[in-house]
>>> print(open('work-v5.txt').read())   # compact mmCIF, C-alpha atoms
# COMPACT_ATOMS: atom_id res chain seq x y z
CA MET A 1 -133.81 52.12 -124.28
CA ALA A 2 -130.33 51.13 -123.85
CA GLU A 3 -127.98 53.95 -123.98
CA GLU A 4 -124.63 53.61 -125.44
CA SER A 5 -121.78 54.99 -123.61
CA LYS A 6 -120.76 58.13 -125.25
CA PRO A 7 -118.17 60.50 -124.09
CA ASN A 8 -119.59 63.77 -122.98
CA GLY A 9 -116.61 66.02 -122.72
CA ASN A 10 -115.32 64.93 -119.29
CA GLU A 11 -115.64 61.22 -119.64
CA GLU A 12 -112.91 58.98 -120.94
CA THR A 13 -113.26 56.60 -123.74
CA GLY A 14 -112.44 52.96 -123.22
CA GLY A 15 -109.10 53.26 -125.01
CA GLN A 16 -108.05 56.21 -122.91
CA ARG A 17 -108.97 54.34 -119.78
CA LEU A 18 -106.91 51.32 -120.88
CA ASP A 19 -103.96 53.62 -121.68
CA ARG A 20 -104.19 55.14 -118.23
CA ILE A 21 -104.32 51.71 -116.58
CA GLU A 22 -101.41 50.54 -118.74
CA ARG A 23 -99.34 53.60 -117.71
CA ALA A 24 -100.19 52.94 -114.07
CA LEU A 25 -99.18 49.29 -114.46
CA ASN A 26 -95.92 50.32 -116.19
CA LEU A 27 -95.17 52.75 -113.37
CA MET A 28 -95.89 50.04 -110.81
CA LEU A 29 -93.74 47.60 -112.78
CA GLU A 30 -90.84 50.10 -113.02
CA ASP A 31 -91.17 50.86 -109.31
CA HIS A 32 -91.11 47.12 -108.56
CA ILE A 33 -88.06 46.60 -110.81
CA GLN A 34 -86.29 49.54 -109.11
CA PHE A 35 -87.33 48.14 -105.71
CA ARG A 36 -85.90 44.74 -106.65
CA GLU A 37 -82.60 46.32 -107.79
CA GLU A 38 -82.38 48.36 -104.58
CA HIS A 39 -83.29 45.24 -102.58
CA LYS A 40 -80.44 43.34 -104.32
CA LEU A 41 -78.06 46.19 -103.45
CA LEU A 42 -79.29 46.13 -99.86
CA LEU A 43 -78.82 42.36 -99.64
CA SER A 44 -75.34 42.68 -101.18
CA ALA A 45 -74.48 45.42 -98.68
CA GLN A 46 -75.76 43.23 -95.84
CA VAL A 47 -73.63 40.29 -97.02
CA GLN A 48 -70.59 42.55 -97.30
CA MET A 49 -71.30 44.05 -93.89
CA HIS A 50 -71.69 40.57 -92.41
CA GLY A 51 -68.36 39.54 -93.97
CA GLY A 52 -66.73 42.68 -92.60
CA MET A 53 -68.19 41.97 -89.16
CA GLU A 54 -66.83 38.42 -89.32
CA GLU A 55 -63.40 39.77 -90.26
CA LEU A 56 -63.65 42.29 -87.44
CA ARG A 57 -64.69 39.53 -85.04
CA GLY A 58 -61.71 37.43 -86.18
CA GLY A 59 -59.37 40.39 -85.77
CA LEU A 60 -60.76 41.07 -82.31
CA ASN A 61 -60.29 37.42 -81.37
CA GLU A 62 -56.68 37.58 -82.59
CA LEU A 63 -56.21 40.78 -80.63
CA ARG A 64 -57.64 39.13 -77.52
CA GLY A 65 -55.26 36.20 -78.03
CA GLY A 66 -52.34 38.59 -78.42
CA LEU A 67 -53.40 40.49 -75.32
CA ASN A 68 -53.65 37.24 -73.37
CA GLU A 69 -50.16 36.28 -74.54
CA LEU A 70 -48.95 39.72 -73.55
CA ARG A 71 -50.55 39.33 -70.13
CA GLY A 72 -48.83 35.97 -69.76
CA GLY A 73 -45.51 37.51 -70.74
CA LEU A 74 -46.04 40.35 -68.31
CA ASN A 75 -46.84 37.87 -65.55
CA GLU A 76 -43.63 35.98 -66.36
CA LEU A 77 -41.75 39.26 -66.33
CA ARG A 78 -43.26 40.12 -62.94
CA GLY A 79 -42.18 36.72 -61.66
CA GLY A 80 -38.67 37.29 -62.99
CA LEU A 81 -38.57 40.75 -61.45
CA ASN A 82 -39.70 39.33 -58.12
CA GLU A 83 -36.94 36.72 -58.31
CA LEU A 84 -34.46 39.46 -59.19
CA ARG A 85 -35.66 41.52 -56.22
CA GLY A 86 -35.19 38.49 -53.98
CA GLY A 87 -31.69 37.97 -55.36
CA LEU A 88 -30.87 41.65 -54.89
CA ASN A 89 -32.13 41.51 -51.31
CA GLU A 90 -29.93 38.46 -50.67
CA LEU A 91 -26.98 40.26 -52.28
CA ARG A 92 -27.69 43.35 -50.18
CA GLY A 93 -27.76 41.17 -47.05
CA GLY A 94 -24.49 39.50 -48.09
CA LEU A 95 -22.89 42.90 -48.74
CA ASN A 96 -24.02 44.11 -45.32
CA ASP A 97 -22.50 40.99 -43.74
CA LEU A 98 -19.30 41.58 -45.73
CA ARG A 99 -19.24 45.23 -44.62
CA VAL A 100 -19.51 44.11 -40.98
CA GLU A 101 -16.70 41.58 -41.52
CA VAL A 102 -14.49 44.18 -43.23
CA THR A 103 -15.16 46.63 -40.39
CA THR A 104 -14.24 43.94 -37.85
CA LEU A 105 -11.10 43.03 -39.81
CA THR A 106 -10.15 46.71 -40.10
CA ARG A 107 -10.42 47.06 -36.31
CA GLN A 108 -8.39 43.90 -35.83
CA VAL A 109 -5.73 45.14 -38.26
CA GLY A 110 -5.66 48.44 -36.36
CA THR A 111 -5.21 46.54 -33.10
CA LEU A 112 -2.51 44.34 -34.66
CA THR A 113 -0.74 47.43 -36.03
CA GLY A 114 -0.76 48.93 -32.57
CA THR A 115 0.52 45.69 -31.08
CA VAL A 116 3.26 45.43 -33.75
CA GLY A 117 4.20 49.05 -33.01
CA THR A 118 4.41 48.27 -29.32
CA LEU A 119 6.46 45.14 -29.99
CA ALA A 120 8.75 47.11 -32.32
CA ASN A 121 9.28 49.72 -29.62
CA GLU A 122 9.92 47.02 -27.04
CA PHE A 123 12.28 45.28 -29.48
CA ARG A 124 14.18 48.55 -30.00
CA GLY A 125 14.39 48.87 -26.24
CA PHE A 126 15.61 45.27 -26.03
CA VAL A 127 18.17 45.92 -28.80
CA HIS A 128 19.29 49.01 -26.93
CA HIS A 129 19.67 47.00 -23.73
CA VAL A 130 21.58 44.30 -25.65
CA ASP A 131 23.88 46.98 -27.08
CA VAL A 132 24.39 48.43 -23.63
CA MET A 133 25.10 44.95 -22.23
CA ARG A 134 27.50 44.19 -25.10
CA THR A 135 29.31 47.45 -24.55
CA GLU A 136 29.50 46.76 -20.84
CA PHE A 137 30.64 43.20 -21.51
CA ASP A 138 33.31 44.40 -23.93
CA ARG A 139 34.47 47.01 -21.44
CA ARG A 140 34.71 44.42 -18.65
CA LEU A 141 36.41 41.93 -20.91
CA LYS A 142 39.04 44.50 -21.84
CA ARG A 143 39.53 45.33 -18.24
CA LEU A 144 40.03 41.71 -17.42
CA GLU A 145 42.44 41.23 -20.24
CA SER A 146 44.55 44.11 -19.28
>>> encode(input="work-v5.txt", output="structure tokens")
Amino acid sequence: MAEESKPNGNEETGGQRLDRIERALNLMLEDHIQFREEHKLLLSAQVQMHGGMEELRGGLNELRGGLNELRGGLNELRGGLNELRGGLNELRGGLNDLRVEVTTLTRQVGTLTGTVGTLANEFRGFVHHVDVMRTEFDRRLKRLES
């Protein structure tokens, strides 16, 4: 005897079973749709992040270029400062030479001043002797005339 399938209190009917399977499929379908939407958002975020990383990479490359230019400028500045130091050292040497020359000239002027003073004193003495000789000459001339 073939028994028909009859529900006995705990068993599901065929329609109930199909409803349950349909609900499960709908839940799986909704989960898949939600997964696809979240996957799209994730892909979009990855694309945006990749674009941001590319921009950041470009900015970093520009920054590196600017830093290299700055380094070059600093090296040029160092070179200019070294040249300036060399020029200042030459100037300092020239000033020292000039100081020595001025000191030598000052000594020579001092010596010349002393010599001029001595000559002036001797000239005064000579003038005095000339005056004495003139006076003596005038006195003798008068005596001869008288």
>>> atom_distance(input="work-v5.txt", atom1="atom CA of Arg107 of chain A", atom2="atom CA of Arg92 of chain A")
22.5 Å
>>> atom_distance(input="work-v5.txt", atom1="atom CA of Arg78 of chain A", atom2="atom CA of Gly66 of chain A")
18.0 Å
>>> atom_distance(input="work-v5.txt", atom1="atom CA of Glu90 of chain A", atom2="atom CA of Leu105 of chain A")
22.2 Å
>>> build_atoms(input="work-v5.txt", residues="segment 19-30 of chain A", atoms="all heavy atoms", output="PDB file, in the coordinates of the input")
ATOM      1  N   ASP A  19    -105.297  52.988-121.650  1.00  0.00           N
ATOM      2  CA  ASP A  19    -103.960  53.620-121.680  1.00  0.00           C
ATOM      3  C   ASP A  19    -103.544  54.075-120.293  1.00  0.00           C
ATOM      4  O   ASP A  19    -102.387  53.918-119.872  1.00  0.00           O
ATOM      5  CB  ASP A  19    -103.962  54.823-122.642  1.00  0.00           C
ATOM      6  CG  ASP A  19    -104.010  54.397-124.104  1.00  0.00           C
ATOM      7  OD1 ASP A  19    -103.720  53.207-124.372  1.00  0.00           O
ATOM      8  OD2 ASP A  19    -104.311  55.259-124.946  1.00  0.00           O
ATOM      9  N   ARG A  20    -104.495  54.666-119.583  1.00  0.00           N
ATOM     10  CA  ARG A  20    -104.190  55.140-118.230  1.00  0.00           C
ATOM     11  C   ARG A  20    -103.853  53.964-117.314  1.00  0.00           C
ATOM     12  O   ARG A  20    -102.894  54.010-116.545  1.00  0.00           O
ATOM     13  CB  ARG A  20    -105.391  55.918-117.700  1.00  0.00           C
ATOM     14  CG  ARG A  20    -105.096  56.624-116.410  1.00  0.00           C
ATOM     15  CD  ARG A  20    -106.198  57.598-116.022  1.00  0.00           C
ATOM     16  NE  ARG A  20    -107.526  57.047-115.990  1.00  0.00           N
ATOM     17  CZ  ARG A  20    -108.070  56.405-114.947  1.00  0.00           C
ATOM     18  NH1 ARG A  20    -107.390  56.270-113.844  1.00  0.00           N
ATOM     19  NH2 ARG A  20    -109.295  55.931-115.021  1.00  0.00           N
ATOM     20  N   ILE A  21    -104.590  52.903-117.398  1.00  0.00           N
ATOM     21  CA  ILE A  21    -104.320  51.710-116.580  1.00  0.00           C
ATOM     22  C   ILE A  21    -102.973  51.111-116.960  1.00  0.00           C
ATOM     23  O   ILE A  21    -102.168  50.711-116.115  1.00  0.00           O
ATOM     24  CB  ILE A  21    -105.461  50.678-116.732  1.00  0.00           C
ATOM     25  CG1 ILE A  21    -106.732  51.208-116.079  1.00  0.00           C
ATOM     26  CG2 ILE A  21    -105.058  49.341-116.133  1.00  0.00           C
ATOM     27  CD1 ILE A  21    -107.963  50.353-116.353  1.00  0.00           C
ATOM     28  N   GLU A  22    -102.690  51.074-118.264  1.00  0.00           N
ATOM     29  CA  GLU A  22    -101.410  50.540-118.740  1.00  0.00           C
ATOM     30  C   GLU A  22    -100.249  51.380-118.211  1.00  0.00           C
ATOM     31  O   GLU A  22     -99.224  50.854-117.767  1.00  0.00           O
ATOM     32  CB  GLU A  22    -101.390  50.503-120.269  1.00  0.00           C
ATOM     33  CG  GLU A  22    -100.201  49.771-120.828  1.00  0.00           C
ATOM     34  CD  GLU A  22    -100.241  49.708-122.352  1.00  0.00           C
ATOM     35  OE1 GLU A  22    -101.325  49.762-122.950  1.00  0.00           O
ATOM     36  OE2 GLU A  22     -99.125  49.597-122.919  1.00  0.00           O
ATOM     37  N   ARG A  23    -100.393  52.715-118.263  1.00  0.00           N
ATOM     38  CA  ARG A  23     -99.340  53.600-117.710  1.00  0.00           C
ATOM     39  C   ARG A  23     -99.152  53.347-116.219  1.00  0.00           C
ATOM     40  O   ARG A  23     -98.026  53.297-115.737  1.00  0.00           O
ATOM     41  CB  ARG A  23     -99.693  55.070-117.977  1.00  0.00           C
ATOM     42  CG  ARG A  23     -99.359  55.533-119.359  1.00  0.00           C
ATOM     43  CD  ARG A  23     -99.423  57.052-119.487  1.00  0.00           C
ATOM     44  NE  ARG A  23    -100.668  57.641-119.018  1.00  0.00           N
ATOM     45  CZ  ARG A  23    -101.755  57.851-119.757  1.00  0.00           C
ATOM     46  NH1 ARG A  23    -101.742  57.503-121.044  1.00  0.00           N
ATOM     47  NH2 ARG A  23    -102.834  58.386-119.249  1.00  0.00           N
ATOM     48  N   ALA A  24    -100.268  53.202-115.517  1.00  0.00           N
ATOM     49  CA  ALA A  24    -100.190  52.940-114.070  1.00  0.00           C
ATOM     50  C   ALA A  24     -99.486  51.609-113.804  1.00  0.00           C
ATOM     51  O   ALA A  24     -98.629  51.492-112.919  1.00  0.00           O
ATOM     52  CB  ALA A  24    -101.578  52.964-113.440  1.00  0.00           C
ATOM     53  N   LEU A  25     -99.843  50.591-114.622  1.00  0.00           N
ATOM     54  CA  LEU A  25     -99.180  49.290-114.460  1.00  0.00           C
ATOM     55  C   LEU A  25     -97.694  49.391-114.792  1.00  0.00           C
ATOM     56  O   LEU A  25     -96.848  48.795-114.117  1.00  0.00           O
ATOM     57  CB  LEU A  25     -99.864  48.238-115.340  1.00  0.00           C
ATOM     58  CG  LEU A  25    -101.191  47.709-114.829  1.00  0.00           C
ATOM     59  CD1 LEU A  25    -101.814  46.779-115.869  1.00  0.00           C
ATOM     60  CD2 LEU A  25    -101.009  46.973-113.516  1.00  0.00           C
ATOM     61  N   ASN A  26     -97.336  50.136-115.836  1.00  0.00           N
ATOM     62  CA  ASN A  26     -95.920  50.320-116.190  1.00  0.00           C
ATOM     63  C   ASN A  26     -95.167  51.023-115.065  1.00  0.00           C
ATOM     64  O   ASN A  26     -94.032  50.664-114.744  1.00  0.00           O
ATOM     65  CB  ASN A  26     -95.788  51.105-117.494  1.00  0.00           C
ATOM     66  CG  ASN A  26     -95.984  50.241-118.720  1.00  0.00           C
ATOM     67  OD1 ASN A  26     -95.805  49.026-118.652  1.00  0.00           O
ATOM     68  ND2 ASN A  26     -96.374  50.846-119.830  1.00  0.00           N
ATOM     69  N   LEU A  27     -95.808  52.063-114.497  1.00  0.00           N
ATOM     70  CA  LEU A  27     -95.170  52.750-113.370  1.00  0.00           C
ATOM     71  C   LEU A  27     -94.972  51.810-112.191  1.00  0.00           C
ATOM     72  O   LEU A  27     -93.907  51.792-111.552  1.00  0.00           O
ATOM     73  CB  LEU A  27     -95.995  53.967-112.940  1.00  0.00           C
ATOM     74  CG  LEU A  27     -95.897  55.191-113.824  1.00  0.00           C
ATOM     75  CD1 LEU A  27     -96.895  56.262-113.368  1.00  0.00           C
ATOM     76  CD2 LEU A  27     -94.490  55.757-113.806  1.00  0.00           C
ATOM     77  N   MET A  28     -96.006  51.002-111.909  1.00  0.00           N
ATOM     78  CA  MET A  28     -95.890  50.040-110.810  1.00  0.00           C
ATOM     79  C   MET A  28     -94.797  49.002-111.120  1.00  0.00           C
ATOM     80  O   MET A  28     -94.019  48.626-110.236  1.00  0.00           O
ATOM     81  CB  MET A  28     -97.234  49.348-110.560  1.00  0.00           C
ATOM     82  CG  MET A  28     -98.242  50.235-109.878  1.00  0.00           C
ATOM     83  SD  MET A  28     -99.901  49.520-109.713  1.00  0.00           S
ATOM     84  CE  MET A  28     -99.630  47.918-109.085  1.00  0.00           C
ATOM     85  N   LEU A  29     -94.756  48.569-112.380  1.00  0.00           N
ATOM     86  CA  LEU A  29     -93.740  47.600-112.780  1.00  0.00           C
ATOM     87  C   LEU A  29     -92.341  48.203-112.668  1.00  0.00           C
ATOM     88  O   LEU A  29     -91.418  47.574-112.140  1.00  0.00           O
ATOM     89  CB  LEU A  29     -94.009  47.117-114.208  1.00  0.00           C
ATOM     90  CG  LEU A  29     -93.058  46.039-114.750  1.00  0.00           C
ATOM     91  CD1 LEU A  29     -93.123  44.780-113.880  1.00  0.00           C
ATOM     92  CD2 LEU A  29     -93.380  45.708-116.181  1.00  0.00           C
ATOM     93  N   GLU A  30     -92.151  49.435-113.132  1.00  0.00           N
ATOM     94  CA  GLU A  30     -90.840  50.100-113.020  1.00  0.00           C
ATOM     95  C   GLU A  30     -90.453  50.302-111.562  1.00  0.00           C
ATOM     96  O   GLU A  30     -89.306  50.091-111.183  1.00  0.00           O
ATOM     97  CB  GLU A  30     -90.876  51.442-113.758  1.00  0.00           C
ATOM     98  CG  GLU A  30     -90.869  51.314-115.263  1.00  0.00           C
ATOM     99  CD  GLU A  30     -91.027  52.668-115.962  1.00  0.00           C
ATOM    100  OE1 GLU A  30     -90.891  53.717-115.286  1.00  0.00           O
ATOM    101  OE2 GLU A  30     -91.276  52.660-117.168  1.00  0.00           O
TER     102      GLU A  30
END
